[in-house]
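Just below is one structure, and these are the notes that go with it.
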Amino acid sequence: MALPRDPEAPLRPYRPEEVSGLVSAEPGPRRPVRGGPPDDGEDDRVRLLAAVAILRDGAVLMIREEDQPHHHEWVFPQGYPHPRETLAQACRREAFEEVGIDVEIHGLLGIHEEFEGARPATRWTTVCFLGRPVNTTVPVASREAIDSAWVDLGRPEASSLPGLAPWLVLLRQALRR
C-alpha cells in the first residue's frame with residue numbers, strides 16, 4: 001500500500017503538510033529481548049525510530065548498525081528523533097551522522113511495527129522515508145555504522161536481508177515511479 005500519488009509525477013522534496021495518510025506495514029514478528037529496560041510489569045513501551053531508505057541507481061543504502069536496537073544488523077540509516085525535531089529532520093541527521101551523506105527527503109515510504117519481548121512488550125515503530133543523496137559523497141563508516149553497502153533491489157539476494165525484507169515491495173514500487 002502506498003500514499004496516493006500520480007505515478008507519472010517525479011519525486012520531489014518532502015513537505016510535512018502534504019502527508020494526508022500513513023502507510024502501514026503488517027506488524028512484524030516478535031524479536032528476542034535485547035537489553036533495554038527490564039520487564040518490570042509496567043505498561044507496554046513504545047520506541048519510535050526515524051529511518052530513511054536512500055535510493056540511487058536502483059539500489060538502496062544499508063548500514064550495519066553498531067548500536068542497539070539493531071546491533072550488527074543491516075538496516076537503513078535510522079535513529080531516535082531528538083526533542084523538537086521532525087521525523088524527516090531526524091532522518092537527514094542520522095544519515096549524515098552514520099555515513100556522512102546529505103539526503104533530500106522525497107516522501108514517506110511506510111511504517112513498520114515489531115514487538116519485542118513478552119508482556120509487557122516493547123513496540124518498535126519505524127517511520128521510514130524515501131530519500132536521495134544530495135551529491136555523490138561516498139558513504140563512510142562511523143561509530144554508529146560500522147559498514148555500509150548499496151544493495152541492488154533487483155537482485156534476489158536483497159530479500160535475504162532481514163532489515164530490508166519488510167520494505168522490499170514498497171521500495172520496488174517507489175523505483176517504478
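A note on labels: chains of the C-alpha cells are A, B, ... as shown, every chain counts residues from 1, and ligands are counted from 1 in their shown order.
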List as a VMD selection string the protein and nucleic acid residues near Arg132 in chain A, meaning an atom at most 8 Å away when only C-alpha atoms are counted, but skip any in the same chain fewer than 2 places from it. chain A and resid 54 to 56 103 to 106 130 134
For N, CA and C atoms, I'd like the residues from the last selection saved as a compact mmCIF listing (two decimals), in the first residue's frame.
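Okay, out-v1.txt is ready:
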```txt
# COMPACT_ATOMS: atom_id res chain seq x y z
N ILE A 54 17.63 5.41 1.35
CA ILE A 54 18.31 6.28 0.40
C ILE A 54 18.48 5.51 -0.91
N LEU A 55 17.84 6.01 -1.97
CA LEU A 55 17.85 5.33 -3.26
C LEU A 55 18.81 6.00 -4.23
N ARG A 56 19.53 5.16 -5.01
CA ARG A 56 20.44 5.65 -6.05
C ARG A 56 20.62 4.54 -7.09
N VAL A 103 21.12 14.04 2.64
CA VAL A 103 19.98 13.43 1.97
C VAL A 103 18.84 14.43 1.82
N GLU A 104 18.17 14.34 0.66
CA GLU A 104 16.94 15.09 0.44
C GLU A 104 15.79 14.10 0.59
N ILE A 105 14.82 14.43 1.44
CA ILE A 105 13.68 13.55 1.70
C ILE A 105 12.63 13.77 0.61
N HIS A 106 12.12 12.64 0.06
CA HIS A 106 11.17 12.70 -1.06
C HIS A 106 9.81 12.11 -0.74
N LEU A 130 11.55 8.01 2.08
CA LEU A 130 12.38 7.83 0.89
C LEU A 130 13.31 9.02 0.79
N VAL A 134 22.08 14.06 -1.90
CA VAL A 134 22.17 15.40 -2.50
C VAL A 134 23.36 15.48 -3.45
```
Range 119-149 of chain A near range 80-89 of chain A within 9 Å: what's each residue's closest atom pair and its distance in Å to one decimal, counting only C-alpha atoms, ordered by chain then ascending residue number, as JSON lines?
```
{"residue": "A:Val127", "atom": "CA", "partner": "A:Leu87", "partner_atom": "CA", "distance": 7.7}
{"residue": "A:Cys128", "atom": "CA", "partner": "A:Leu87", "partner_atom": "CA", "distance": 8.9}
{"residue": "A:Phe129", "atom": "CA", "partner": "A:Ala88", "partner_atom": "CA", "distance": 7.3}
```
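The space separating CA of Ala90 in chain A from CA of Ala50 in chain A comes to 6.3 Å.
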By how many Å are CA of Ala53 in chain A and CA of Gly131 in chain A apart? 5.9 Å
Neighbours of range 165-168 of chain A within 9 Å (only C-alpha atoms; same-chain residues fewer than 3 positions away dropped), as a PDB file with C-alpha atoms, in the first residue's frame?
```pdb
ATOM      1  CA  ALA A  25       3.067  -2.460   7.123  1.00  0.00           C
ATOM      2  CA  GLU A  26       1.770  -5.566   8.847  1.00  0.00           C
ATOM      3  CA  GLY A  28       6.434  -7.765  12.289  1.00  0.00           C
ATOM      4  CA  LEU A 109       7.859   5.007   2.370  1.00  0.00           C
ATOM      5  CA  GLY A 110       5.959   3.406   5.233  1.00  0.00           C
ATOM      6  CA  HIS A 112       6.744  -0.885  10.286  1.00  0.00           C
ATOM      7  CA  LEU A 153      16.901  -4.042  -5.279  1.00  0.00           C
ATOM      8  CA  ALA A 158      18.022  -8.382  -1.481  1.00  0.00           C
ATOM      9  CA  SER A 159      15.130 -10.315   0.067  1.00  0.00           C
ATOM     10  CA  SER A 160      17.513 -12.264   2.324  1.00  0.00           C
ATOM     11  CA  LEU A 161      18.449  -9.177   4.393  1.00  0.00           C
ATOM     12  CA  PRO A 162      16.074  -9.106   7.399  1.00  0.00           C
ATOM     13  CA  LEU A 171      10.889   0.116  -2.390  1.00  0.00           C
ATOM     14  CA  ARG A 172      10.460  -1.658  -5.704  1.00  0.00           C
ATOM     15  CA  GLN A 173       7.183   0.221  -6.236  1.00  0.00           C
TER      16      GLN A 173
END
```
